[in-house]
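Step one of this worksheet: look at the structure below.
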Amino acid sequence: MLLQTIANRGIRLGTLFDRAAARHPDNSITLDHDLDVAPELGRRLTVGAVAGLVADLAARLHAAGVRPGDRVVVHKSHNFDITLSACALARIGAVPVLLSPHLDATTVLHLIRRAGRPYLLTDRATLDGELADTVFPAVAGVLLASGDHPSATSLRALTGVPSVPPIVMSPDHPTLVTHTSGTTGLPKLAVHTGRTLQARYRPQASVAALVRRRCPVAIHVSFVHSRLFTALAITMLRGFPLLVLADNDPDQATDLFLTHRPGVLETHPNSFLRWERLADDPRAPLATVRYFSSTFDAIHPRTVRRMLGASAHPKPVFGQLYGQSEVGPVAARAFTRRRPEDADGRCVGMPFPGMTDIRVVSRNGRPPTRDNPGYIEVRTDGRIVTYLGEQQRYEGQRHGSWWRMGDLGYRTRLGCLHLLDREVDEIDGFGSTLAVEDTLFTRLDELVEVIILPAPDGPPVPVICTSEDLPIDIDRWAGAVATLPPMARPVQRRLADLPQTATTKIKRLELARQLLDRDSAAG
């Protein structure tokens with residue numbers, strides 16, 4: 001798209017912190033955890049110090065044998081140094097392949113093999129898990145961000161090696177590989193170039209430009225998600241103090257917000273859902289937040305309402321981005337307190353003018369509507385260039401210049417996109433499962449998660465989780481579902497027991513399989 005193409009030289013991850021430090025060297029980055037690769041730096045750093053750490057990591061990685069074009073899988077304990085290591089690898093022309101710490105060992109090994117015998121950057125704690133006996137034959141070498149192992153190279157042992165100048169790769173060269181959520185099966189490896197990341201940076205930067213006053217920005221986004229890299233570029237190049245959270249524990253988040261008082265808060269929808277209880281805290285940890293931002297997935301209206309209500313600002317704004325790992329953000333919508341309580345939560349907004357485009361394709365020859373949703377397809381220069389090792393699968397989602405999102409929806413007369421379901425989650429004759437879930441959240445404040453799943457014989461099954469895992473009041477439940485499509489009796493689970501992705505989305509297909517296995521065992 002035109003506004004994504006003009007003067008697009010690539011995002012240049014390898015020198016991102018250098019450029020930020022040149023503008024705002026004393027700007028602060030505050031963490032809720034210690035860096036595994038440099039715990040001595042503490043939890044409050046300057047951008048200048050982080051730029052120095054990235055350059056030092058790059059020198060150590062080079063001394064360990066990593067060269068331009070090499071793929072390096074980064075799979076280690078959950079920590080912001082995953083992100084810093086990716087920038088260090090890009091600085092020496094290598095290609096970081098980021099794998100979530102939450103992936104199981106079988107999946108990790110499968111993705112490592114798909115990457116074609118890469119290096120592995122990990123830590124002793126991760127290596128001592130299920131990977132230890134199987135990973136060494138699959139990789140060119142193992143590098144340790146912390147700890148030691150007789151068959152691995154410790155980066156700590158390479159401290160003090162000579163610095164190396166940054167290598168500038170072509171903007172069309174792969175600069176980052178992330179994986180998809182894996183909600184529908186084995187994750188895919190999405191290949192980003194400097195140019196595609198810069199293209200998806202621009203619509204996000206256009207929204208961020210609305211934030212005029214320099215205020216602390218708090219971010220809790222998966223360290224292996226592409227969104228974090230564009231968020232860092234937007235925040236640091238403008239000199240905003242940054243709070244980086246590794247944990248979405250409400251108590252830990254409360255303490256950090258009370259100390260540093262963010263004006264901007266960004267996280268995944270399910271983390272916002274978990275933070276709803278902060279709105280009731282008499283200490284008002286969200287009082288200073290004027291701008292809330294949610295990544296890529298639709299968010300429940302109840303959560304938006306509670307976040308806006310927790311802000312003491314007279315005109316807070318909640319920004320919702322719709323997109324996916326393969327394309328970045330493609331639509332956006334802003335919510336204020338004037339939004340009515342019964343507003344349609346399935347509306348995810350409008351495309352970015354001159355940068356992204358959206359169409360909805362009929363599945364049956366009839367125009368897509370609420371009752372006859374079609375395939376959502378998007379067009380953007382931020383689209384990945386391939387799935388690593390799965391080019392045919394990548395081509396299967398392309399339709400000329402359009403990319404099929406795997407979602408179903410429709411557009412209103414004014415062009416607003418409404419997301420009704422994932423294609424794989426659609427239940428014939430039920431209507432939008434996501435809309436029903438929104439309604440249940442609105443009617444039952446005690447719900448912290450609800451997932452409606454198809455059943456092989458009988459009505460759909462709602463799986464629910466409640467605050468503090470208290471048993472659901474079945475009479476309240478009956479009243480809440482009385483006007484909704486027929487469903488089976490709810491199955492109550494602990495939220496911690498539900499299968500989740502790196503961005504805390506529920507793996508619906510896996511959960512459905514668990515219920516089916518349970519029923520089979522009971523039968």
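How things are named: the first chain in the structure tokens is A, the next is B, and so on; residues count from 1 in each chain; ligands count from 1 in the order shown.
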Inset, instruction - Using only C-alpha atoms, determine which residues lie at most 12 Å from Ala157 (chain A), disregarding the query and same-chain residues fewer than 3 positions distant; provide the list as a ChimeraX atom specification. - result: /A:37,57,60-61,63-64,143-149,152-154,160-161
Inset, instruction - List the neighbours of Thr46 (chain A) out to 6 Å using only C-alpha atoms; skip same-chain residues closer than 5 positions along the sequence, and give me the result as a list in words. - result: Asp26, Asn27, Ser28 and Ile29 of chain A
Residues of the last selection are to be written out with all heavy atoms, as a PDB file, in the first residue's frame.
ATOM      1  N   ASP A  26      19.253   8.847  28.116  1.00  0.00           N
ATOM      2  CA  ASP A  26      18.923   8.676  29.532  1.00  0.00           C
ATOM      3  C   ASP A  26      17.479   8.245  29.750  1.00  0.00           C
ATOM      4  O   ASP A  26      17.043   8.133  30.907  1.00  0.00           O
ATOM      5  CB  ASP A  26      19.194   9.979  30.292  1.00  0.00           C
ATOM      6  CG  ASP A  26      20.668  10.357  30.257  1.00  0.00           C
ATOM      7  OD1 ASP A  26      21.503   9.434  30.327  1.00  0.00           O
ATOM      8  OD2 ASP A  26      20.966  11.555  30.149  1.00  0.00           O
ATOM      9  N   ASN A  27      16.754   8.021  28.682  1.00  0.00           N
ATOM     10  CA  ASN A  27      15.382   7.527  28.823  1.00  0.00           C
ATOM     11  C   ASN A  27      15.417   6.166  29.536  1.00  0.00           C
ATOM     12  O   ASN A  27      16.364   5.388  29.378  1.00  0.00           O
ATOM     13  CB  ASN A  27      14.743   7.383  27.442  1.00  0.00           C
ATOM     14  CG  ASN A  27      13.277   7.031  27.532  1.00  0.00           C
ATOM     15  OD1 ASN A  27      12.601   7.370  28.492  1.00  0.00           O
ATOM     16  ND2 ASN A  27      12.782   6.323  26.534  1.00  0.00           N
ATOM     17  N   SER A  28      14.398   5.871  30.321  1.00  0.00           N
ATOM     18  CA  SER A  28      14.438   4.693  31.184  1.00  0.00           C
ATOM     19  C   SER A  28      13.642   3.519  30.616  1.00  0.00           C
ATOM     20  O   SER A  28      12.622   3.692  29.942  1.00  0.00           O
ATOM     21  CB  SER A  28      13.892   5.034  32.566  1.00  0.00           C
ATOM     22  OG  SER A  28      12.521   5.374  32.503  1.00  0.00           O
ATOM     23  N   ILE A  29      14.130   2.312  30.891  1.00  0.00           N
ATOM     24  CA  ILE A  29      13.419   1.064  30.651  1.00  0.00           C
ATOM     25  C   ILE A  29      13.377   0.328  31.991  1.00  0.00           C
ATOM     26  O   ILE A  29      14.422  -0.022  32.548  1.00  0.00           O
ATOM     27  CB  ILE A  29      14.115   0.196  29.588  1.00  0.00           C
ATOM     28  CG1 ILE A  29      14.159   0.923  28.243  1.00  0.00           C
ATOM     29  CG2 ILE A  29      13.386  -1.143  29.437  1.00  0.00           C
ATOM     30  CD1 ILE A  29      14.875   0.148  27.156  1.00  0.00           C
TER      31      ILE A  29
END
Report the closest atom pair, with its distance in Å rounded to one decimal, for each residue of region 390-416 of chain A that has an atom no farther than 12 Å from region 432-456 of chain A; count only C-alpha atoms, sort by chain and then rising residue number, and write it as a tab-separated table.
residue	atom	partner	partner_atom	distance
A:Asp407	CA	A:Ser432	CA	11.5
A:Leu408	CA	A:Ser432	CA	9.3
A:Gly409	CA	A:Ser432	CA	9.3
A:Tyr410	CA	A:Ser432	CA	11.8
Legend entry - Contact residues around Pro174 (chain A) with only C-alpha atoms at 9 Å, ignoring same-chain residues under 6 positions, as a ChimeraX atom specification: /A:69,94-95,191-194,385
Please produce a file of those selected residues containing C-alpha atoms, as a tab-separated table (two decimals), in the first residue's frame.
chain	number	residue	atom	x	y	z
A	69	GLY	CA	22.49	-15.27	7.24
A	94	ALA	CA	21.84	-13.36	11.57
A	95	VAL	CA	18.14	-14.31	11.51
A	191	VAL	CA	9.23	-14.89	8.05
A	192	HIS	CA	9.45	-11.10	8.36
A	193	THR	CA	11.80	-8.82	6.45
A	194	GLY	CA	12.96	-5.38	7.50
A	385	VAL	CA	7.03	-13.27	2.84
Spatial neighbours of Leu16 (chain A), 9 Å, only C-alpha atoms, chain gap at least 2 places, as a PDB file with N, CA, C and O atoms, in the first residue's frame:
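This went into part.pdb:
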ATOM      1  N   ILE A  11      13.027  -1.786   9.026  1.00  0.00           N
ATOM      2  CA  ILE A  11      12.960  -1.358  10.419  1.00  0.00           C
ATOM      3  C   ILE A  11      14.336  -1.319  11.092  1.00  0.00           C
ATOM      4  O   ILE A  11      14.520  -0.638  12.083  1.00  0.00           O
ATOM      5  N   ARG A  12      15.318  -2.062  10.611  1.00  0.00           N
ATOM      6  CA  ARG A  12      16.695  -2.074  11.111  1.00  0.00           C
ATOM      7  C   ARG A  12      16.751  -2.396  12.613  1.00  0.00           C
ATOM      8  O   ARG A  12      17.162  -1.591  13.435  1.00  0.00           O
ATOM      9  N   LEU A  13      16.317  -3.620  12.928  1.00  0.00           N
ATOM     10  CA  LEU A  13      16.293  -4.047  14.320  1.00  0.00           C
ATOM     11  C   LEU A  13      17.668  -4.017  14.975  1.00  0.00           C
ATOM     12  O   LEU A  13      17.792  -3.749  16.168  1.00  0.00           O
ATOM     13  N   GLY A  14      18.700  -4.299  14.199  1.00  0.00           N
ATOM     14  CA  GLY A  14      20.043  -4.390  14.767  1.00  0.00           C
ATOM     15  C   GLY A  14      20.557  -3.095  15.355  1.00  0.00           C
ATOM     16  O   GLY A  14      21.398  -3.104  16.260  1.00  0.00           O
ATOM     17  N   ASP A  18      20.540   1.631  19.259  1.00  0.00           N
ATOM     18  CA  ASP A  18      21.542   2.669  19.000  1.00  0.00           C
ATOM     19  C   ASP A  18      20.874   3.981  18.609  1.00  0.00           C
ATOM     20  O   ASP A  18      21.240   5.056  19.100  1.00  0.00           O
ATOM     21  N   ARG A  19      19.905   3.877  17.704  1.00  0.00           N
ATOM     22  CA  ARG A  19      19.226   5.091  17.231  1.00  0.00           C
ATOM     23  C   ARG A  19      18.405   5.734  18.344  1.00  0.00           C
ATOM     24  O   ARG A  19      18.337   6.962  18.453  1.00  0.00           O
ATOM     25  N   ALA A  20      17.777   4.898  19.176  1.00  0.00           N
ATOM     26  CA  ALA A  20      17.020   5.435  20.304  1.00  0.00           C
ATOM     27  C   ALA A  20      17.956   6.110  21.304  1.00  0.00           C
ATOM     28  O   ALA A  20      17.641   7.185  21.849  1.00  0.00           O
ATOM     29  N   ALA A  21      19.112   5.487  21.539  1.00  0.00           N
ATOM     30  CA  ALA A  21      20.074   6.056  22.484  1.00  0.00           C
ATOM     31  C   ALA A  21      20.669   7.358  21.970  1.00  0.00           C
ATOM     32  O   ALA A  21      20.999   8.258  22.755  1.00  0.00           O
ATOM     33  N   ALA A  51      21.395  -0.241  24.823  1.00  0.00           N
ATOM     34  CA  ALA A  51      22.075  -0.233  23.528  1.00  0.00           C
ATOM     35  C   ALA A  51      23.461  -0.850  23.651  1.00  0.00           C
ATOM     36  O   ALA A  51      23.904  -1.629  22.790  1.00  0.00           O
ATOM     37  N   CYS A  87      17.525  -8.592  18.686  1.00  0.00           N
ATOM     38  CA  CYS A  87      18.138  -7.388  18.124  1.00  0.00           C
ATOM     39  C   CYS A  87      19.650  -7.562  17.963  1.00  0.00           C
ATOM     40  O   CYS A  87      20.238  -7.102  16.972  1.00  0.00           O
ATOM     41  N   LEU A 232       8.301  -1.297  20.535  1.00  0.00           N
ATOM     42  CA  LEU A 232       9.552  -0.751  21.053  1.00  0.00           C
ATOM     43  C   LEU A 232      10.064   0.394  20.181  1.00  0.00           C
ATOM     44  O   LEU A 232      10.518   1.429  20.690  1.00  0.00           O
ATOM     45  N   ALA A 233       9.982   0.201  18.864  1.00  0.00           N
ATOM     46  CA  ALA A 233      10.456   1.250  17.959  1.00  0.00           C
ATOM     47  C   ALA A 233       9.653   2.534  18.153  1.00  0.00           C
ATOM     48  O   ALA A 233      10.225   3.634  18.241  1.00  0.00           O
ATOM     49  N   MET A 236      10.512   3.940  21.976  1.00  0.00           N
ATOM     50  CA  MET A 236      11.862   4.398  22.306  1.00  0.00           C
ATOM     51  C   MET A 236      12.339   5.520  21.399  1.00  0.00           C
ATOM     52  O   MET A 236      13.052   6.426  21.849  1.00  0.00           O
ATOM     53  N   LEU A 237      11.984   5.479  20.122  1.00  0.00           N
ATOM     54  CA  LEU A 237      12.444   6.532  19.219  1.00  0.00           C
ATOM     55  C   LEU A 237      11.804   7.873  19.539  1.00  0.00           C
ATOM     56  O   LEU A 237      12.320   8.922  19.151  1.00  0.00           O
TER      57      LEU A 237
END
Legend entry - Near-Lys188 (chain A) list (12 Å; only C-alpha atoms; drop same-chain fewer than 3 positions) as a ChimeraX atom specification: /A:97-99,107-108,110-112,114-115,177-185,191,325-326,384,386-391,393-394
Now that the selection is made, can you save its residues with C-alpha atoms as a compact mmCIF listing (two decimals), in the first residue's frame?
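So again-v5.txt came out as:
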# COMPACT_ATOMS: atom_id res chain seq x y z
CA VAL A 97 13.82 -17.49 15.09
CA LEU A 98 11.81 -16.84 18.25
CA LEU A 99 10.04 -19.76 19.94
CA THR A 107 6.83 -28.81 19.14
CA VAL A 108 10.13 -27.01 19.71
CA HIS A 110 9.77 -29.96 15.14
CA LEU A 111 10.19 -26.20 14.56
CA ILE A 112 13.97 -26.38 15.05
CA ARG A 114 11.98 -26.90 10.08
CA ALA A 115 14.50 -24.08 10.52
CA VAL A 177 11.04 -15.26 12.28
CA THR A 178 8.19 -15.60 14.74
CA HIS A 179 5.64 -18.36 15.12
CA THR A 180 1.86 -18.26 14.83
CA SER A 181 -0.30 -18.90 17.87
CA GLY A 182 -0.86 -22.57 17.18
CA THR A 183 -4.53 -22.40 18.22
CA THR A 184 -5.42 -24.66 15.30
CA GLY A 185 -2.46 -27.05 15.50
CA VAL A 191 9.23 -14.89 8.05
CA SER A 325 1.03 -12.51 13.14
CA GLU A 326 1.18 -12.92 9.36
CA ILE A 384 5.14 -11.94 5.86
CA THR A 386 6.62 -16.99 3.57
CA TYR A 387 6.13 -19.70 6.16
CA LEU A 388 9.59 -21.14 6.76
CA GLY A 389 9.68 -24.59 5.19
CA GLU A 390 6.01 -24.40 4.17
CA GLN A 391 5.79 -22.28 1.03
CA ARG A 393 0.88 -23.65 2.83
CA TYR A 394 1.68 -19.94 2.55
Inset, instruction - Run DSSP on the backbone of this structure and report the residues of region 11-70 of chain A it assigns to helix (DSSP H, G or I), as a PyMOL selection string. - result: chain A and resi 13-23+39-41+47-63
Can I get the selection written as an mmCIF file, in the first residue's frame, with C-alpha atoms?
data_model
loop_
_atom_site.group_PDB
_atom_site.id
_atom_site.type_symbol
_atom_site.label_atom_id
_atom_site.label_comp_id
_atom_site.auth_asym_id
_atom_site.auth_seq_id
_atom_site.Cartn_x
_atom_site.Cartn_y
_atom_site.Cartn_z
ATOM 1 C CA LEU A 13 16.293 -4.047 14.320
ATOM 2 C CA GLY A 14 20.043 -4.390 14.767
ATOM 3 C CA THR A 15 20.534 -0.664 15.362
ATOM 4 C CA LEU A 16 17.154 0.145 16.908
ATOM 5 C CA PHE A 17 18.554 0.723 20.396
ATOM 6 C CA ASP A 18 21.542 2.669 19.000
ATOM 7 C CA ARG A 19 19.226 5.091 17.231
ATOM 8 C CA ALA A 20 17.020 5.435 20.304
ATOM 9 C CA ALA A 21 20.074 6.056 22.484
ATOM 10 C CA ALA A 22 21.359 8.724 20.095
ATOM 11 C CA ARG A 23 18.114 10.659 20.635
ATOM 12 C CA PRO A 39 21.314 -9.715 35.995
ATOM 13 C CA GLU A 40 23.902 -7.270 37.308
ATOM 14 C CA LEU A 41 22.228 -4.435 35.371
ATOM 15 C CA VAL A 47 18.262 3.198 26.810
ATOM 16 C CA GLY A 48 21.989 3.933 26.448
ATOM 17 C CA ALA A 49 22.842 1.012 28.732
ATOM 18 C CA VAL A 50 20.530 -1.331 26.830
ATOM 19 C CA ALA A 51 22.075 -0.233 23.528
ATOM 20 C CA GLY A 52 25.470 -1.121 24.973
ATOM 21 C CA LEU A 53 24.190 -4.508 26.121
ATOM 22 C CA VAL A 54 22.777 -5.313 22.668
ATOM 23 C CA ALA A 55 26.101 -4.380 21.045
ATOM 24 C CA ASP A 56 27.975 -6.517 23.596
ATOM 25 C CA LEU A 57 25.661 -9.491 23.025
ATOM 26 C CA ALA A 58 26.196 -9.124 19.278
ATOM 27 C CA ALA A 59 29.974 -9.265 19.776
ATOM 28 C CA ARG A 60 29.691 -12.387 21.950
ATOM 29 C CA LEU A 61 27.382 -14.113 19.467
ATOM 30 C CA HIS A 62 29.830 -13.319 16.687
ATOM 31 C CA ALA A 63 32.696 -14.692 18.786
#
Legend entry - Nearest candidate to Arg422 (chain A) (options A:His102, A:Arg283, A:Arg508, A:Arg363; using only C-alpha atoms):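 Ranking A:His102, A:Arg283, A:Arg508, A:Arg363 by distance to Arg422 (chain A), first place goes to A:Arg508.
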Inset, instruction - Record the distance separating CA of Gly431 (chain A) and CA of Thr501 (chain A), expressed in Å with one decimal. - result: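 So the two atoms, CA of Gly431 (chain A) and CA of Thr501 (chain A), lie 25.3 Å apart.
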Inset, instruction - Find the residues near region 262-267 of chain A: any atom within 7 Å, counting only C-alpha atoms, skip ones fewer than 5 places away on the same chain, and give them as a list in words. - result: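 That gives Cys215, Pro216, Val217, Ala218, Ile219, His220, Val221, Phe257, Phe272, Thr288, Val289, Arg290, Tyr291, Phe292, Ser293, Ser294 and Thr295 of chain A.
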Expected file: the selected residues, C-alpha atoms, as a short mmCIF file (atom, residue, chain, number, x, y, z; two decimals), in the first residue's frame:
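Now in selection_27.cif:
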data_model
loop_
_atom_site.label_atom_id
_atom_site.label_comp_id
_atom_site.auth_asym_id
_atom_site.auth_seq_id
_atom_site.Cartn_x
_atom_site.Cartn_y
_atom_site.Cartn_z
CA CYS A 215 4.44 9.63 29.60
CA PRO A 216 5.41 6.15 30.82
CA VAL A 217 4.27 3.34 28.51
CA ALA A 218 3.58 -0.05 30.11
CA ILE A 219 3.74 -3.09 27.83
CA HIS A 220 2.96 -6.71 28.54
CA VAL A 221 3.29 -8.45 25.17
CA PHE A 257 1.60 0.71 38.02
CA PHE A 272 -6.71 -7.06 30.15
CA THR A 288 -3.21 7.66 35.24
CA VAL A 289 -3.81 5.60 32.09
CA ARG A 290 -5.35 7.65 29.32
CA TYR A 291 -4.68 5.27 26.42
CA PHE A 292 -5.33 1.53 26.49
CA SER A 293 -4.23 -0.57 23.53
CA SER A 294 -5.14 -4.18 22.77
CA THR A 295 -3.20 -6.36 20.33
#
Inset, instruction - For Ala334 (chain A), work out the shell of residues within 8 Å, counting only C-alpha atoms and skipping chain neighbours fewer than 3 positions away, then give it as a list in words. - result: Val317, Phe318, Gly319, Gln320 and Gly349 of chain A
Restricting it to C-alpha atoms, dump the selection as a compact mmCIF listing (two decimals), in the first residue's frame.
# COMPACT_ATOMS: atom_id res chain seq x y z
CA VAL A 317 -9.50 6.01 24.99
CA PHE A 318 -9.34 2.28 24.40
CA GLY A 319 -7.76 1.38 21.05
CA GLN A 320 -8.41 -2.04 19.55
CA GLY A 349 -13.00 -1.22 13.14
Inset, instruction - Step one, run DSSP on the backbone; step two, keep only residues of region 112-166 of chain A assigned to strand (DSSP E); then write them as a list of chain:residue names. - result: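 Matching residues for strand (DSSP E) in region 112-166 of chain A are A:Tyr119, A:Leu120, A:Leu121, A:Thr122, A:Gly141, A:Val142, A:Leu143, A:Leu144, A:Thr153, A:Ser154.
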Atoms to include: N, CA and C atoms. Write the selected residues as a PDB file, in the first residue's frame.
ATOM      1  N   TYR A 119      21.507 -22.606  14.821  1.00  0.00           N
ATOM      2  CA  TYR A 119      22.026 -22.530  16.177  1.00  0.00           C
ATOM      3  C   TYR A 119      20.832 -22.447  17.135  1.00  0.00           C
ATOM      4  N   LEU A 120      21.056 -22.809  18.394  1.00  0.00           N
ATOM      5  CA  LEU A 120      20.038 -22.656  19.429  1.00  0.00           C
ATOM      6  C   LEU A 120      20.601 -21.792  20.541  1.00  0.00           C
ATOM      7  N   LEU A 121      19.919 -20.686  20.837  1.00  0.00           N
ATOM      8  CA  LEU A 121      20.264 -19.845  21.972  1.00  0.00           C
ATOM      9  C   LEU A 121      19.242 -20.125  23.074  1.00  0.00           C
ATOM     10  N   THR A 122      19.715 -20.642  24.196  1.00  0.00           N
ATOM     11  CA  THR A 122      18.812 -21.043  25.270  1.00  0.00           C
ATOM     12  C   THR A 122      19.477 -20.744  26.604  1.00  0.00           C
ATOM     13  N   GLY A 141      24.831 -25.744  16.843  1.00  0.00           N
ATOM     14  CA  GLY A 141      25.522 -25.464  18.091  1.00  0.00           C
ATOM     15  C   GLY A 141      24.546 -24.911  19.096  1.00  0.00           C
ATOM     16  N   VAL A 142      24.860 -25.058  20.379  1.00  0.00           N
ATOM     17  CA  VAL A 142      23.993 -24.553  21.440  1.00  0.00           C
ATOM     18  C   VAL A 142      24.739 -23.445  22.180  1.00  0.00           C
ATOM     19  N   LEU A 143      24.086 -22.296  22.308  1.00  0.00           N
ATOM     20  CA  LEU A 143      24.634 -21.138  22.996  1.00  0.00           C
ATOM     21  C   LEU A 143      23.786 -20.882  24.238  1.00  0.00           C
ATOM     22  N   LEU A 144      24.420 -20.577  25.351  1.00  0.00           N
ATOM     23  CA  LEU A 144      23.701 -20.397  26.610  1.00  0.00           C
ATOM     24  C   LEU A 144      23.721 -18.933  27.042  1.00  0.00           C
ATOM     25  N   THR A 153      28.160 -23.519  24.390  1.00  0.00           N
ATOM     26  CA  THR A 153      29.009 -22.344  24.544  1.00  0.00           C
ATOM     27  C   THR A 153      28.298 -21.322  25.416  1.00  0.00           C
ATOM     28  N   SER A 154      28.915 -20.942  26.507  1.00  0.00           N
ATOM     29  CA  SER A 154      28.337 -19.957  27.410  1.00  0.00           C
ATOM     30  C   SER A 154      28.664 -18.549  26.927  1.00  0.00           C
TER      31      SER A 154
END
Legend entry - Atom pair CA of Val168 (chain A) / CA of Tyr201 (chain A): separation (Å):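 For CA of Val168 (chain A) relative to CA of Tyr201 (chain A), the distance reads 19.0 Å.
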Inset, instruction - Could you check which of A:Val461, A:Ala199, A:Val211, A:Ala246 is closest to Asn8 (chain A), using only C-alpha atoms? - result: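 Looking at the shortest contact to Asn8 (chain A), the residue is A:Ala199.
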Inset, instruction - For CA of Glu377 (chain A) and CA of Leu511 (chain A), determine how far apart the two atoms are, in Å to one decimal place. - result: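 That distance, rounded to one decimal, is 27.1 Å.
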Legend entry - Using only C-alpha atoms: which of A:Gly406, A:Pro269, A:Pro353, A:Gly374 has the shortest distance to Asn248 (chain A):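 Of all the options, A:Pro269 lies closest to Asn248 (chain A).
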Legend entry - Residue with smallest distance to Arg238 (chain A) - pool A:Asp133, A:His260, A:Arg489, A:Ala205, counting only C-alpha atoms: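 Comparing A:Asp133, A:His260, A:Arg489, A:Ala205 against Arg238 (chain A), the winner is A:Ala205.
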Inset, instruction - Find, counting only C-alpha atoms, the residue in A:Arg404, A:Arg67, A:Arg379, A:Lys76 that gets nearest to Ile167 (chain A). - result: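 Using only C-alpha atoms, the shortest distance to Ile167 (chain A) belongs to A:Arg67.
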Inset, instruction - Kindly indicate which residue among A:Ala138, A:Met487, A:Ala132, A:Ile358 lies nearest to Gly116 (chain A), using only C-alpha atoms for the distances. - result: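 For Gly116 (chain A), the nearest of the candidates is A:Ala138.
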